[in-house]
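**Student:** File target-v7.txt follows (compact mmCIF, C-alpha atoms):
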```txt
# COMPACT_ATOMS: atom_id res chain seq x y z
CA MET A 1 0.00 0.00 0.00
CA PRO A 2 1.39 3.47 -0.89
CA SER A 3 2.65 5.51 2.04
CA ILE A 4 1.01 8.72 3.22
CA ALA A 5 4.03 10.72 2.04
CA SER A 6 3.97 9.33 -1.50
CA SER A 7 0.18 9.69 -1.68
CA LEU A 8 0.41 13.34 -0.62
CA PHE A 9 3.09 13.92 -3.26
CA TRP A 10 0.88 12.61 -6.08
CA ILE A 11 -2.10 14.55 -4.77
CA ALA A 12 -0.05 17.76 -4.62
CA LEU A 13 1.38 17.12 -8.10
CA ILE A 14 -2.08 16.60 -9.61
CA ALA A 15 -3.42 19.69 -7.83
CA ALA A 16 -0.58 21.80 -9.26
CA ILE A 17 -0.79 20.49 -12.83
CA ALA A 18 -4.59 20.35 -13.27
CA PRO A 19 -5.23 24.13 -13.58
CA ILE A 20 -2.37 24.43 -16.08
CA VAL A 21 -3.81 21.66 -18.25
CA ALA A 22 -7.31 23.13 -17.93
CA GLY A 23 -5.94 26.48 -19.10
CA LEU A 24 -4.43 24.89 -22.21
CA ILE A 25 -7.77 23.45 -23.33
CA PRO A 26 -9.54 25.84 -25.75
CA ARG A 27 -12.26 27.93 -24.06
CA ARG A 28 -11.64 25.98 -20.84
CA LEU A 29 -14.32 23.52 -21.90
CA VAL A 30 -13.05 20.83 -19.52
CA PRO A 31 -13.44 22.02 -15.91
CA GLU A 32 -10.45 21.62 -13.64
CA VAL A 33 -12.66 19.56 -11.31
CA VAL A 34 -12.95 16.85 -13.97
CA LEU A 35 -9.18 16.69 -14.41
CA LEU A 36 -8.76 16.29 -10.65
CA LEU A 37 -11.29 13.43 -10.57
CA VAL A 38 -9.81 11.61 -13.57
CA ALA A 39 -6.25 11.97 -12.32
CA GLY A 40 -7.33 10.74 -8.90
CA ALA A 41 -8.87 7.64 -10.47
CA VAL A 42 -5.67 7.00 -12.43
CA VAL A 43 -3.30 7.15 -9.46
CA GLY A 44 -5.78 5.53 -7.06
CA PRO A 45 -5.94 1.96 -5.74
CA PHE A 46 -8.16 0.73 -8.60
CA ALA A 47 -5.69 1.77 -11.33
CA LEU A 48 -1.97 2.54 -10.89
CA ASN A 49 -2.19 2.20 -7.08
CA ILE A 50 0.51 4.78 -6.42
CA ALA A 51 -1.70 6.82 -4.06
CA ALA A 52 -4.19 5.73 -1.42
CA ASP A 53 -6.55 7.29 1.05
CA SER A 54 -5.67 7.17 4.75
CA GLU A 55 -6.92 8.57 8.03
CA ALA A 56 -4.64 11.61 7.77
CA ILE A 57 -5.57 12.33 4.15
CA GLY A 58 -9.22 11.64 5.03
CA ILE A 59 -9.15 14.52 7.53
CA LEU A 60 -7.85 16.87 4.83
CA ARG A 61 -10.52 15.51 2.49
CA GLU A 62 -13.29 16.30 4.99
CA LEU A 63 -11.88 19.80 5.51
CA GLY A 64 -11.85 20.26 1.73
CA LEU A 65 -15.47 19.17 1.50
CA GLY A 66 -16.31 21.51 4.37
CA MET A 67 -14.58 24.50 2.77
CA LEU A 68 -16.30 23.75 -0.55
CA PHE A 69 -19.75 24.01 1.00
CA LEU A 70 -18.86 26.84 3.37
CA LEU A 71 -17.98 28.96 0.33
CA ALA A 72 -21.11 27.75 -1.46
CA GLY A 73 -23.28 28.75 1.50
CA TYR A 74 -21.45 32.08 1.72
CA GLU A 75 -22.25 32.88 -1.93
CA ILE A 76 -25.99 32.32 -1.48
CA ASP A 77 -28.12 35.47 -1.32
CA ARG A 78 -30.46 34.77 1.62
CA GLN A 79 -33.05 37.26 0.38
CA GLU A 80 -32.99 35.67 -3.07
CA LEU A 81 -33.28 32.17 -1.60
CA SER A 82 -36.23 33.14 0.62
CA GLY A 83 -37.90 35.02 -2.22
CA ARG A 84 -39.87 33.85 -5.23
CA GLY A 85 -36.85 32.33 -6.97
CA GLY A 86 -35.91 30.31 -3.91
CA ARG A 87 -39.45 29.04 -3.39
CA ARG A 88 -39.66 28.05 -7.04
CA ALA A 89 -36.38 26.15 -6.70
CA LEU A 90 -37.74 24.33 -3.63
CA TYR A 91 -40.97 23.31 -5.36
CA THR A 92 -38.98 22.15 -8.37
CA TRP A 93 -36.71 20.00 -6.20
CA LEU A 94 -39.67 18.43 -4.39
CA PHE A 95 -41.19 17.53 -7.75
CA CYS A 96 -37.83 16.09 -8.84
CA LEU A 97 -37.68 13.98 -5.66
CA ALA A 98 -41.19 12.59 -6.21
CA LEU A 99 -40.36 11.86 -9.84
CA ALA A 100 -37.10 10.18 -8.83
CA PHE A 101 -38.81 7.88 -6.35
CA THR A 102 -41.42 6.98 -8.96
CA VAL A 103 -38.84 6.15 -11.63
CA VAL A 104 -36.52 4.27 -9.27
CA ALA A 105 -39.43 2.25 -7.83
CA LEU A 106 -40.37 1.13 -11.33
CA LEU A 107 -36.77 0.19 -12.12
CA GLY A 108 -36.41 -1.50 -8.72
CA MET A 109 -39.29 -3.83 -9.51
CA ARG A 110 -37.22 -5.04 -12.45
CA ASN A 111 -34.12 -5.40 -10.27
CA VAL A 112 -32.25 -2.90 -12.42
CA ILE A 113 -30.85 -1.01 -9.45
CA SER A 114 -30.93 -1.39 -5.69
CA ALA A 115 -30.99 0.98 -2.71
CA GLU A 116 -33.94 2.88 -4.17
CA ALA A 117 -33.98 5.73 -1.63
CA ALA A 118 -30.24 6.44 -1.96
CA VAL A 119 -30.37 6.39 -5.77
CA ALA A 120 -33.47 8.62 -5.88
CA ILE A 121 -31.90 11.20 -3.56
CA ALA A 122 -28.65 11.15 -5.55
CA MET A 123 -30.51 11.86 -8.80
CA THR A 124 -32.05 15.07 -7.44
CA SER A 125 -28.80 16.68 -6.29
CA THR A 126 -27.10 19.71 -7.80
CA ALA A 127 -23.36 20.10 -7.27
CA LEU A 128 -23.41 23.74 -6.15
CA GLY A 129 -19.97 23.47 -4.56
CA THR A 130 -18.59 21.97 -7.78
CA LEU A 131 -20.34 24.57 -9.93
CA LEU A 132 -19.07 27.49 -7.86
CA PRO A 133 -15.57 27.64 -9.42
CA ILE A 134 -17.07 27.00 -12.89
CA LEU A 135 -19.55 29.86 -12.50
CA LYS A 136 -16.75 32.09 -11.21
CA ASP A 137 -14.50 31.25 -14.16
CA ASN A 138 -17.36 31.99 -16.59
CA LYS A 139 -18.17 35.26 -14.76
CA LEU A 140 -21.80 34.21 -14.20
CA LEU A 141 -22.12 34.53 -10.40
CA ASP A 142 -23.55 38.06 -10.44
CA THR A 143 -25.82 37.54 -13.46
CA ARG A 144 -29.51 36.67 -13.44
CA LEU A 145 -28.70 33.25 -14.86
CA GLY A 146 -26.03 32.67 -12.21
CA LYS A 147 -28.37 33.61 -9.37
CA THR A 148 -31.02 31.22 -10.72
CA VAL A 149 -28.43 28.44 -10.81
CA LEU A 150 -27.41 29.31 -7.24
CA ASN A 151 -31.03 29.01 -6.08
CA HIS A 152 -31.50 25.60 -7.68
CA GLY A 153 -28.04 24.60 -6.51
CA ALA A 154 -28.63 25.60 -2.89
CA VAL A 155 -31.90 23.66 -2.70
CA GLY A 156 -30.33 20.83 -4.72
CA GLU A 157 -27.63 20.47 -2.06
CA LEU A 158 -29.59 21.10 1.13
CA GLY A 159 -32.64 19.11 0.05
CA PRO A 160 -30.72 15.85 -0.51
CA VAL A 161 -28.82 16.36 2.78
CA VAL A 162 -32.09 16.64 4.70
CA ALA A 163 -33.64 13.77 2.74
CA MET A 164 -30.59 11.62 3.42
CA ALA A 165 -30.74 12.42 7.14
CA VAL A 166 -34.44 11.53 7.32
CA LEU A 167 -34.78 8.64 4.86
CA LEU A 168 -31.43 6.87 5.21
CA SER A 169 -31.00 7.24 8.97
CA ALA A 170 -31.38 4.23 11.25
CA ARG A 171 -33.13 6.51 13.79
CA GLY A 172 -36.40 6.66 11.89
CA ALA A 173 -38.05 9.64 10.18
CA VAL A 174 -39.67 11.26 13.25
CA LEU A 175 -36.58 11.14 15.46
CA SER A 176 -34.44 12.32 12.54
CA LEU A 177 -36.66 15.37 12.07
CA ILE A 178 -36.36 16.16 15.78
CA VAL A 179 -32.57 15.89 15.53
CA LEU A 180 -32.55 18.23 12.53
CA ALA A 181 -34.69 20.74 14.41
CA VAL A 182 -32.31 20.68 17.40
CA PHE A 183 -29.33 21.12 15.05
CA ALA A 184 -31.05 24.09 13.39
CA LEU A 185 -31.79 25.67 16.79
CA ILE A 186 -28.16 25.37 17.88
CA ALA A 187 -27.00 26.76 14.51
CA ILE A 188 -29.26 29.80 15.03
CA VAL A 189 -27.72 30.36 18.47
CA VAL A 190 -24.24 30.11 16.90
CA ALA A 191 -25.31 32.63 14.26
CA VAL A 192 -26.56 35.17 16.82
CA LEU A 193 -23.81 34.82 19.43
CA PRO A 194 -20.85 36.27 17.45
CA GLY A 195 -22.88 39.37 16.59
CA LYS A 196 -23.47 39.96 20.31
CA LEU A 197 -19.85 39.39 21.30
CA ILE A 198 -18.08 41.09 18.36
CA HIS A 199 -20.41 43.93 17.38
CA GLU A 200 -19.26 47.03 15.49
CA GLY A 201 -17.32 49.43 17.72
CA SER A 202 -16.69 46.99 20.57
CA TRP A 203 -13.20 46.24 21.88
CA THR A 204 -13.51 42.65 20.65
CA HIS A 205 -14.33 43.89 17.13
CA ARG A 206 -11.32 46.23 17.16
CA LEU A 207 -9.11 43.37 18.39
CA VAL A 208 -10.27 41.00 15.67
CA ARG A 209 -9.85 43.65 12.96
CA ALA A 210 -6.41 44.62 14.24
CA GLY A 211 -5.17 41.04 13.83
CA ALA A 212 -6.93 40.31 10.55
CA ASP A 213 -3.94 41.17 8.34
CA THR A 214 -1.14 40.21 10.70
CA THR A 215 0.34 36.81 11.50
CA ALA A 216 -2.62 36.34 13.85
CA GLN A 217 -5.03 36.12 10.87
CA THR A 218 -7.91 36.37 13.34
CA THR A 219 -10.74 36.45 10.77
CA VAL A 220 -9.43 33.34 9.01
CA ARG A 221 -8.97 31.47 12.28
CA LEU A 222 -12.45 32.38 13.49
CA THR A 223 -13.90 31.21 10.16
CA VAL A 224 -12.10 27.88 10.47
CA LEU A 225 -13.38 27.60 14.06
CA LEU A 226 -16.92 28.21 12.82
CA LEU A 227 -16.55 25.53 10.13
CA VAL A 228 -15.02 22.94 12.43
CA SER A 229 -17.50 23.63 15.23
CA LEU A 230 -20.53 23.08 13.01
CA GLY A 231 -18.83 20.09 11.41
CA VAL A 232 -18.32 18.53 14.83
CA LEU A 233 -21.91 19.38 15.73
CA SER A 234 -23.05 17.56 12.57
CA ALA A 235 -21.00 14.53 13.57
CA VAL A 236 -22.42 14.54 17.09
CA PHE A 237 -25.94 14.42 15.62
CA SER A 238 -24.85 11.83 13.00
CA LEU A 239 -25.58 14.28 10.18
CA ASP A 240 -23.53 14.79 7.05
CA VAL A 241 -20.69 17.31 7.30
CA ILE A 242 -22.16 19.12 4.28
CA LEU A 243 -25.05 20.37 6.43
CA GLY A 244 -22.70 21.87 9.01
CA ALA A 245 -20.51 23.44 6.34
CA PHE A 246 -23.47 24.97 4.55
CA ALA A 247 -24.76 26.36 7.83
CA ALA A 248 -21.31 27.85 8.52
CA GLY A 249 -21.39 29.60 5.14
CA PHE A 250 -24.84 31.04 5.80
CA ILE A 251 -23.74 32.26 9.23
CA LEU A 252 -20.57 33.84 7.83
CA ARG A 253 -22.61 35.74 5.23
CA ARG A 254 -25.04 36.87 7.95
CA LEU A 255 -22.14 38.25 9.98
CA MET A 256 -20.76 40.03 6.88
CA PRO A 257 -23.78 40.85 4.69
CA GLU A 258 -21.71 43.20 2.51
CA GLY A 259 -18.85 40.74 2.25
CA ASP A 260 -15.17 41.13 3.08
CA GLU A 261 -12.92 41.06 0.02
CA ARG A 262 -9.69 40.51 1.95
CA LEU A 263 -11.11 37.57 3.90
CA GLU A 264 -12.64 36.11 0.75
CA ILE A 265 -9.27 36.17 -1.01
CA LYS A 266 -7.63 34.39 1.92
CA LEU A 267 -10.37 31.76 2.13
CA ASP A 268 -10.20 31.17 -1.62
CA GLY A 269 -6.46 30.64 -1.27
CA ILE A 270 -6.85 28.04 1.49
CA ALA A 271 -9.86 26.37 -0.12
CA PHE A 272 -9.13 26.29 -3.84
CA GLY A 273 -5.36 26.34 -3.44
CA PHE A 274 -5.09 23.48 -0.96
CA LEU A 275 -8.08 21.72 0.58
CA ILE A 276 -10.70 21.49 -2.17
CA PRO A 277 -8.39 19.82 -4.74
CA ILE A 278 -7.68 17.11 -2.14
CA PHE A 279 -11.41 16.40 -1.87
CA PHE A 280 -11.87 15.98 -5.62
CA ILE A 281 -8.70 13.95 -6.15
CA THR A 282 -9.53 11.54 -3.33
CA SER A 283 -13.10 11.28 -4.66
CA GLY A 284 -11.60 10.15 -7.96
CA MET A 285 -9.41 7.64 -6.12
CA ALA A 286 -12.56 5.97 -4.76
CA ILE A 287 -13.86 5.16 -8.25
CA ASP A 288 -13.44 1.50 -9.21
CA VAL A 289 -12.60 1.88 -12.89
CA SER A 290 -13.00 -1.83 -13.66
CA ALA A 291 -16.48 -1.94 -12.07
CA VAL A 292 -17.52 1.06 -14.14
CA ALA A 293 -16.14 -0.46 -17.35
CA ALA A 294 -17.93 -3.74 -16.64
CA SER A 295 -21.38 -2.07 -16.45
CA PRO A 296 -21.61 0.61 -19.16
CA GLY A 297 -25.37 0.10 -19.47
CA ILE A 298 -26.05 1.06 -15.84
CA LEU A 299 -23.70 4.03 -16.18
CA ILE A 300 -25.51 5.36 -19.27
CA ALA A 301 -28.91 4.67 -17.71
CA PHE A 302 -28.06 6.65 -14.59
CA LEU A 303 -26.74 9.56 -16.69
CA ILE A 304 -30.00 9.67 -18.63
CA LEU A 305 -32.04 9.46 -15.44
CA ILE A 306 -30.17 12.39 -13.88
CA VAL A 307 -30.91 14.58 -16.91
CA VAL A 308 -34.57 13.51 -17.08
CA VAL A 309 -35.31 13.66 -13.35
CA ARG A 310 -33.38 16.80 -12.44
CA GLY A 311 -32.58 18.67 -15.66
CA VAL A 312 -35.91 18.53 -17.49
CA PRO A 313 -38.06 19.94 -14.62
CA VAL A 314 -35.53 22.75 -14.05
CA PHE A 315 -35.64 23.56 -17.78
CA PHE A 316 -39.43 23.91 -17.92
CA VAL A 317 -39.63 25.87 -14.66
CA THR A 318 -37.00 28.32 -15.90
CA LYS A 319 -38.45 28.56 -19.39
CA PHE A 320 -41.93 29.49 -18.15
CA GLU A 321 -40.83 31.65 -15.23
CA LYS A 322 -42.68 34.98 -15.27
CA VAL A 323 -39.78 37.41 -15.37
CA GLU A 324 -38.92 40.33 -17.62
CA PRO A 325 -37.26 39.75 -19.95
CA PRO A 326 -38.17 36.04 -19.98
CA PHE A 327 -35.43 33.44 -20.09
CA THR A 328 -34.61 32.32 -23.61
CA THR A 329 -34.62 28.64 -24.52
CA ARG A 330 -30.82 28.65 -24.49
CA GLU A 331 -30.66 30.28 -21.07
CA SER A 332 -33.21 27.80 -19.72
CA ALA A 333 -31.14 24.95 -21.16
CA GLN A 334 -28.03 26.37 -19.48
CA VAL A 335 -29.76 26.51 -16.09
CA ALA A 336 -31.02 22.94 -16.60
CA LEU A 337 -27.57 21.65 -17.54
CA TYR A 338 -26.00 23.29 -14.51
CA GLY A 339 -28.88 22.08 -12.32
CA ALA A 340 -28.39 18.46 -13.42
CA THR A 341 -24.68 18.56 -12.60
CA GLY A 342 -24.12 16.43 -9.52
CA LEU A 343 -21.22 14.86 -7.67
CA PRO A 344 -20.47 15.65 -3.99
CA MET A 345 -23.95 14.62 -2.83
CA ILE A 346 -23.75 11.49 -4.99
CA VAL A 347 -20.48 10.65 -3.22
CA ALA A 348 -22.06 11.33 0.19
CA VAL A 349 -25.30 9.40 -0.47
CA THR A 350 -23.64 6.36 -2.02
CA GLY A 351 -21.04 6.34 0.77
CA ALA A 352 -23.80 6.30 3.38
CA ALA A 353 -25.62 3.52 1.50
CA VAL A 354 -22.45 1.40 1.27
CA ASP A 355 -21.72 1.88 4.98
CA ALA A 356 -25.29 0.78 5.76
CA HIS A 357 -24.83 -2.28 3.49
CA GLN A 358 -27.69 -1.08 1.29
CA MET A 359 -25.51 -0.75 -1.82
CA SER A 360 -22.46 -2.58 -3.16
CA SER A 361 -19.20 -0.67 -3.62
CA ASP A 362 -19.32 -1.55 -7.36
CA ASN A 363 -22.72 0.11 -7.81
CA ALA A 364 -21.53 3.07 -5.75
CA SER A 365 -18.50 3.44 -8.07
CA ILE A 366 -20.80 3.46 -11.10
CA LEU A 367 -23.03 6.15 -9.62
CA VAL A 368 -20.04 8.29 -8.60
CA ALA A 369 -18.59 7.87 -12.11
CA ALA A 370 -21.90 9.01 -13.57
CA GLY A 371 -21.80 12.05 -11.32
CA ALA A 372 -18.26 12.77 -12.48
CA ILE A 373 -19.39 12.55 -16.11
CA THR A 374 -22.15 15.09 -15.46
CA VAL A 375 -19.47 17.44 -14.15
CA LEU A 376 -17.50 16.89 -17.38
CA LEU A 377 -20.29 17.07 -19.95
CA LEU A 378 -23.10 19.26 -18.67
CA PRO A 379 -21.16 22.45 -17.72
CA MET A 380 -19.24 22.03 -20.99
CA LEU A 381 -22.49 22.03 -22.95
CA ALA A 382 -23.75 25.00 -20.94
CA THR A 383 -20.52 26.87 -21.73
CA LEU A 384 -20.89 26.11 -25.43
CA LEU A 385 -24.41 27.54 -25.32
CA THR A 386 -23.05 30.67 -23.63
CA LYS A 387 -20.39 31.14 -26.30
CA LYS A 388 -22.87 30.57 -29.09
CA GLU A 389 -25.31 33.10 -27.67
CA LYS A 390 -22.57 35.71 -27.30
CA VAL A 391 -21.54 35.25 -30.91
CA SER A 392 -25.10 35.58 -32.16
```
The structure in this file should be written as C-alpha cells.

**Tutor:**
Amino acid sequence: MPSIASSLFWIALIAAIAPIVAGLIPRRLVPEVVLLLVAGAVVGPFALNIAADSEAIGILRELGLGMLFLLAGYEIDRQELSGRGGRRALYTWLFCLALAFTVVALLGMRNVISAEAAVAIAMTSTALGTLLPILKDNKLLDTRLGKTVLNHGAVGELGPVVAMAVLLSARGAVLSLIVLAVFALIAIVVAVLPGKLIHEGSWTHRLVRAGADTTAQTTVRLTVLLLVSLGVLSAVFSLDVILGAFAAGFILRRLMPEGDERLEIKLDGIAFGFLIPIFFITSGMAIDVSAVAASPGILIAFLILIVVVRGVPVFFVTKFEKVEPPFTTRESAQVALYGATGLPMIVAVTGAAVDAHQMSSDNASILVAAGAITVLLLPMLATLLTKKEKVS
C-alpha cells in the first residue's frame, strides 16, 4: 500500500498540474474539477495504485469538502433564496424527488438497481460546490442566470442532505426530524452569538480587525473555528458534514452581509489552493474503474435518469418563469444543464448507502462515475451555449 508521504506527493502534483492543463484546453471547456477526478482515479488503488486514502488524508478531504460548502453557503443570497426564486427552486426539487422515487421504484421492480432511496436522492442533487468555481471562471455569479443556478443549486444540495438524514438514517423519520430541528436551533444560536460578542465598535471587534492582516489572521482562524464547530456538531448528531458546512457559510454571510474582500481572497487561497483539490482527487481515487467499465449500461442509464429527473423539470420551470425579460430557450437549457450537474452529494449518499450495506461498492462506483461525467459534460455544454449566444 502506498505511504502517506507518496500519496500526498501525487495529490499535490495533480493539484498543481490540473489548472495548467485546464488552461491549455480551448475555451476551458473541460473544468479543472474533472481533471482532478480523472487523475485521482488513475493514481488511485483501482488503477496505478501509487496513491491511497488514509486517516490523515481523510481529515484533509473532509476539511476540503467543508470549505467547498462553506464557500457555497457564503455565496448564497439569503433574500434571493427566501424570495420567489428560492421558493420556485424548492418546489422544483420536491417535484424532482417525487419523480425520482417513482422512476426508481419502477426500475427497482425489475431489479435494475438497488438501494432505491439512496439512488433517488442522488438523482435530485445539484453540485453547487462543484459549480461554484465554474460559474466564477465563466463570470456568471452576479448575473440573473447565475443567481437562478445558485437558487436551484442551494436547494439541490440542502434538500438531498435533509432527505438523506431523514430517509437513510437508522433513527427513523420522526426522530431524525427532531434531531434536525435541534441542530437548526443550535445553529441559530451560533449565528446570533458572534454578533453579540463582536459587534461594530466593541473592543472585541477592534481586536479581531487589528489582527486580521497580521500573523494572527484572526478572521481566518475564526472562520475555520466556525466551520469545524458546526462540522463537529453535525458529527455529534450523526448528520452529514455538508449540512454543518453549509450552515457555517450562511452564518458567515449573515455576519458580513456586505462581504469582506480581503477575507474572501484568503479563504479562496486556502480552499481552492489546498483543501478542495484534495477532496476531488480523493473522490476520484474511490472510483473503481473496472467496475464502471464492466457495467456501461447502468452508467448510461443513470446519466440519462439524472438529466430527465433533475434537468428537465428545471428547464421547464426556468423557461416558463414569469420574469422580464423572460429566459430564452438557451438560457433555460443552461440553467437545466448546470442544475443536473451532480457529484459531492452522490459521493455522500452512495457512501452512506455502502456503509449501511444497502448498496455494493461496485454500484456506488458506477453512480459516482456518472456524477463525475455530469461534471464533465453538462457544464461544458452550458458553456458552449453561452459562447454561441454571445456570438449571435

**Student:** For Lys147 (chain A), which of A:Ile270, A:Phe280, A:Tyr338, A:Leu230 is the closest residue, counting all atoms listed in the file?

**Tutor:** A:Tyr338

**Student:** Can you pull out the residues contacting Leu193 (chain A)? Cut-off 12 Å, using all atoms listed in the file, and skip same-chain residues under 4 positions away; I want them as a list of chain:residue names.

**Tutor:** A:Ile186, A:Ala187, A:Ile188, A:Val189, A:Leu197, A:Ile198, A:His199, A:Leu226, A:Ile251, A:Arg254, A:Leu255

**Student:** Is there a way to get, as an NGL selection string, all residues within 12 Å of the point (-24.3, -0.9, -3.8) in file coordinates, counting only C-alpha atoms?

**Tutor:** :A and (112-119 or 291 or 349-368)

**Student:** Distance cut-off 9 Å, centre (-26.6, 27.2, -10.8) in file coordinates, counting all atoms listed in the file: which residues qualify? Return them as a PyMOL selection string.

**Tutor:** chain A and resi 126-128+131-132+135+141+145-154+334-339

**Student:** Please identify all polymer residues within 10 Å of Leu167 (chain A), counting all atoms listed in the file, omitting same-chain residues fewer than 6 positions from it, and present them as a ChimeraX atom specification.

**Tutor:** /A:117-118,121,160-161,173,176

**Student:** Between CA of Ala41 (chain A) and CA of Ser7 (chain A), what distance in Å does the model show, to one decimal?

**Tutor:** 12.8 Å

**Student:** Between A:Thr102, A:Thr204, A:Thr92, A:Thr218, which has the minimum distance to Ser125 (chain A) (counting only C-alpha atoms)?

**Tutor:**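 Of the candidates, the smallest distance to Ser125 (chain A) is held by A:Thr92.
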
**Student:** For CA of Ile11 (chain A) and CA of Val43 (chain A), determine how far apart the two atoms are, in Å to one decimal place.

**Tutor:**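 Separation between CA of Ile11 (chain A) and CA of Val43 (chain A): 8.8 Å.
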
**Student:** Quick one: everything within 6 Å of region 74-87 of chain A, counting all atoms listed in the file, minus sequence neighbours fewer than 4 positions away in the same chain. Send it as number ranges by chain.

**Tutor:** A: 151, 249-250, 253

**Student:** Please determine, counting only C-alpha atoms, which residue among A:Gln217, A:Thr124, A:Asn49, A:Thr282 has the shortest atom-to-atom distance to Arg61 (chain A).

**Tutor:**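 Of A:Gln217, A:Thr124, A:Asn49, A:Thr282, the one nearest Arg61 (chain A) is A:Thr282, counting only C-alpha atoms.
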
**Student:** Enclose all atoms of region 216-223 of chain A listed in the file in an axis-aligned box, grow every side by 8 Å, and hand back centre and edge lengths in Å to one decimal, as JSON.

**Tutor:**
```
{"center_x": -8.3, "center_y": 33.8, "center_z": 11.4, "size_x": 27.3, "size_y": 21.2, "size_z": 20.8}
```
